[in-house]
$ cat input.cif   # mmCIF, C-alpha atoms
data_data
#
loop_
_atom_site.label_atom_id
_atom_site.label_comp_id
_atom_site.auth_asym_id
_atom_site.auth_seq_id
_atom_site.Cartn_x
_atom_site.Cartn_y
_atom_site.Cartn_z
CA MET Y 137 24.14 -10.84 -7.28
CA ALA Y 138 25.25 -7.30 -6.46
CA SER Y 139 24.95 -6.02 -2.91
CA ARG Y 140 22.73 -3.09 -1.94
CA PHE Y 141 25.85 -0.93 -1.59
CA GLU Y 142 27.09 -1.89 -5.08
CA ILE Y 143 23.70 -1.20 -6.67
CA VAL Y 144 23.34 2.20 -5.01
CA SER Y 145 26.96 3.18 -5.70
CA ALA Y 146 26.60 2.35 -9.40
CA VAL Y 147 23.43 4.45 -9.74
CA ILE Y 148 24.97 7.36 -7.81
CA GLU Y 149 28.05 7.38 -10.04
CA ALA Y 150 25.99 7.14 -13.24
CA GLU Y 151 23.62 9.91 -12.17
CA MET Y 152 26.34 12.25 -10.96
CA ALA Y 153 28.16 11.81 -14.29
CA LYS Y 154 25.14 13.23 -16.15
CA PRO Y 155 25.37 16.98 -16.70
CA TYR Y 156 22.71 18.88 -14.82
CA SER Y 157 22.07 20.70 -18.09
CA HIS Y 158 20.09 17.60 -19.15
CA TRP Y 159 17.47 18.71 -16.65
CA PRO Y 160 14.87 17.49 -15.86
CA HIS Y 161 16.20 14.05 -16.69
CA ALA Y 162 19.29 14.62 -14.55
CA ASP Y 163 17.78 16.43 -11.56
CA CYS Y 164 17.61 15.35 -7.92
CA PHE Y 165 14.07 13.99 -8.24
CA PHE Y 166 14.91 11.52 -11.00
CA PHE Y 167 18.18 10.70 -9.23
CA GLY Y 168 16.16 9.54 -6.21
CA CYS Y 169 13.63 7.71 -8.39
CA ARG Y 170 16.39 5.81 -10.20
CA VAL Y 171 18.02 4.68 -6.97
CA ALA Y 172 14.66 3.55 -5.59
CA ASP Y 173 13.82 1.70 -8.83
CA ALA Y 174 17.24 0.01 -8.87
CA LEU Y 175 16.59 -1.41 -5.40
CA ASP Y 176 12.91 -2.20 -6.04
CA PRO Y 177 12.04 -2.30 -9.75
CA SER Y 178 8.37 -2.90 -8.91
CA LEU Y 179 8.11 0.75 -7.81
CA GLY Y 180 8.41 2.09 -11.36
CA LEU Y 181 8.90 5.65 -10.11
CA GLU Y 182 10.94 6.89 -13.06
CA ASN Y 183 8.34 5.69 -15.58
CA ALA Y 184 5.48 7.04 -13.46
CA TYR Y 185 6.89 10.58 -13.56
CA LYS Y 186 8.91 10.62 -16.79
CA GLY Y 187 7.87 13.49 -19.04
CA SER Y 188 5.69 15.14 -16.41
CA TYR Y 189 7.72 18.39 -16.38
CA LYS Y 190 10.41 20.27 -18.27
CA THR Y 191 11.17 23.19 -15.94
CA LEU Y 192 11.39 23.79 -12.22
CA ARG Y 193 8.10 25.68 -12.39
CA GLY Y 194 6.62 22.77 -14.34
CA ALA Y 195 7.79 20.37 -11.64
CA GLN Y 196 5.89 22.36 -9.03
CA VAL Y 197 2.77 22.41 -11.20
CA ALA Y 198 3.03 18.65 -11.87
CA LEU Y 199 3.41 17.96 -8.15
CA ARG Y 200 0.31 19.97 -7.25
CA ARG Y 201 -1.67 18.60 -10.19
CA ARG Y 202 -1.20 15.14 -8.69
CA GLY Y 203 -2.48 16.38 -5.34
CA TRP Y 204 0.75 16.81 -3.38
CA LYS Y 205 2.08 19.97 -1.80
CA SER Y 206 5.61 18.66 -1.29
CA LEU Y 207 8.10 15.96 -2.21
CA VAL Y 208 7.55 14.56 1.28
CA GLU Y 209 3.89 13.93 0.43
CA LEU Y 210 4.79 12.40 -2.94
CA PHE Y 211 7.31 9.93 -1.54
CA SER Y 212 4.99 9.13 1.39
CA ALA Y 213 2.51 7.83 -1.18
CA HIS Y 214 5.06 5.36 -2.57
CA LEU Y 215 7.41 4.43 0.27
CA GLU Y 216 7.36 3.69 3.99
CA VAL Y 217 8.12 6.76 6.09
CA ILE Y 218 11.02 6.16 8.50
CA ALA Y 219 12.97 8.18 11.02
CA PRO Y 220 15.94 9.73 9.20
CA ALA Y 221 18.30 8.25 11.81
CA THR Y 222 17.24 4.73 10.75
CA ALA Y 223 18.00 5.27 7.05
CA ARG Y 224 20.35 2.80 5.41
CA VAL Y 225 22.27 2.99 2.15
CA GLY Y 226 19.85 3.67 -0.70
CA ASP Y 227 16.96 4.99 1.35
CA ILE Y 228 15.49 8.27 0.14
CA GLY Y 229 15.53 11.54 2.03
CA VAL Y 230 14.05 14.97 1.43
CA LEU Y 231 16.16 17.99 2.34
CA GLN Y 232 15.28 21.66 2.51
CA ILE Y 233 17.99 23.67 0.79
CA GLY Y 234 17.14 27.33 0.78
CA ASN Y 235 13.55 27.65 -0.38
CA ALA Y 236 13.51 24.35 -2.29
CA GLU Y 237 13.09 20.71 -1.39
CA HIS Y 238 15.68 18.30 -2.77
CA VAL Y 239 15.60 14.53 -3.05
CA ALA Y 240 18.65 12.86 -1.56
CA VAL Y 241 19.95 9.32 -1.15
CA CYS Y 242 21.46 7.86 2.01
CA THR Y 243 25.10 6.85 1.57
CA GLY Y 244 25.55 5.60 5.12
CA MET Y 245 26.34 8.47 7.44
CA ARG Y 246 25.31 11.23 5.01
CA PHE Y 247 22.84 11.96 2.25
CA ILE Y 248 23.80 12.97 -1.28
CA THR Y 249 21.75 15.07 -3.66
CA LYS Y 250 22.35 16.50 -7.09
CA THR Y 251 22.35 20.24 -7.63
CA ALA Y 252 23.29 22.47 -10.54
CA LYS Y 253 26.76 22.69 -8.93
CA GLY Y 254 27.14 18.90 -8.74
CA ARG Y 255 27.04 16.48 -5.82
CA SER Y 256 26.09 17.91 -2.48
CA PHE Y 257 26.48 15.98 0.78
CA HIS Y 258 24.28 16.63 3.80
CA ASP Y 259 24.24 15.52 7.41
CA LEU Y 260 21.41 13.61 9.00
CA ALA Y 261 20.20 16.75 10.82
CA GLU Y 262 19.37 18.33 7.45
CA VAL Y 263 16.95 15.55 6.42
CA LYS Y 264 13.35 16.61 6.98
CA ALA Y 265 11.87 13.22 5.99
CA ALA Y 266 13.19 9.78 5.05
CA PHE Y 267 11.71 6.77 3.29
CA ARG Y 268 12.59 3.07 3.25
CA VAL Y 269 13.46 1.58 -0.13
CA GLY Y 270 13.55 -2.17 -0.70
#
$ encode --input "input.cif" --output "structure tokens"
Amino acid sequence: MASRFEIVSAVIEAEMAKPYSHWPHADCFFFGCRVADALDPSLGLENAYKGSYKTLRGAQVALRRRGWKSLVELFSAHLEVIAPATARVGDIGVLQIGNAEHVAVCTGMRFITKTAKGRSFHDLAEVKAAFRVG
């Protein structure tokens, strides 16, 4: 059986290899959902949200249509909220980058997210909320 680190590393590498131009199927939100589902398949996050938006504007509309004002609220409905400093490999974080929230995954000492420019690493201080997975 693969370790938590091996599972998370495999999903990170697979997701980062996908061109961002395949958005929304290769954006930061589905990146986070796929990591969470790999660690806990019972969550079914990817299937729950698949096809719910096609543009960034559509993502915002879909979020609000489901009753959430932010990604923090959405993930709070599915996962246990934790202090960012207690996050372990594979836990989910939400970052504020400019005027947009981004879903990130804990890699140990940092969090990684996917942007149009590729992988982006962020320090713990940049995580506005974190969630336990598995």
$ closest_residue --input "input.cif" --among "Y:Arg202, Y:Thr249, Y:Ala213, Y:Arg170" --to "Y:Ile143" --atoms "only C-alpha atoms"
Y:Arg170
$ atom_distance --input "input.cif" --atom1 "atom CA of Y:Ser145" --atom2 "atom CA of Y:Glu237"
22.8 Å
$ residues_near_point --input "input.cif" --point "(11.2, 12.1, 6.8)" --cutoff "12 Å" --atoms "all atoms listed in the file" --output "ChimeraX atom specification"
/Y:206-212,215-223,227-232,239-240,260-268
$ closest_residue --input "input.cif" --among "Y:Gly254, Y:Gly244, Y:Gly226, Y:Gly234" --to "Y:Gly168" --atoms "all atoms listed in the file"
Y:Gly226
$ closest_residue --input "input.cif" --among "Y:Lys205, Y:Ile233, Y:Ser188, Y:Ser178" --to "Y:Thr251" --atoms "only C-alpha atoms"
Y:Ile233
$ closest_residue --input "input.cif" --among "Y:Asp163, Y:Glu151, Y:Glu142, Y:Asp259" --to "Y:Leu192" --atoms "all atoms listed in the file"
Y:Asp163
$ residues_around --input "input.cif" --residues "Y:Arg140" --least-positions-apart "4" --cutoff "8 Å" --atoms "all atoms listed in the file" --output "list of chain:residue names"
Y:Val144, Y:Leu175, Y:Val225, Y:Gly226
$ residues_around --input "input.cif" --residues "Y:Leu181" --least-positions-apart "5" --cutoff "9 Å" --atoms "all atoms listed in the file" --output "ChimeraX atom specification"
/Y:166,169-170,172-173,186,214
$ atom_distance --input "input.cif" --atom1 "atom CA of Y:Ala153" --atom2 "atom CA of Y:Phe167"
11.2 Å
$ closest_residue --input "input.cif" --among "Y:Ala252, Y:Val269, Y:Leu179, Y:Val241" --to "Y:Ile148" --atoms "only C-alpha atoms"
Y:Val241
$ closest_residue --input "input.cif" --among "Y:Trp204, Y:Arg255, Y:Glu182, Y:Arg246" --to "Y:Ala150" --atoms "all atoms listed in the file"
Y:Arg255
$ atom_distance --input "input.cif" --atom1 "atom CA of Y:Ala174" --atom2 "atom CA of Y:Ile248"
16.4 Å
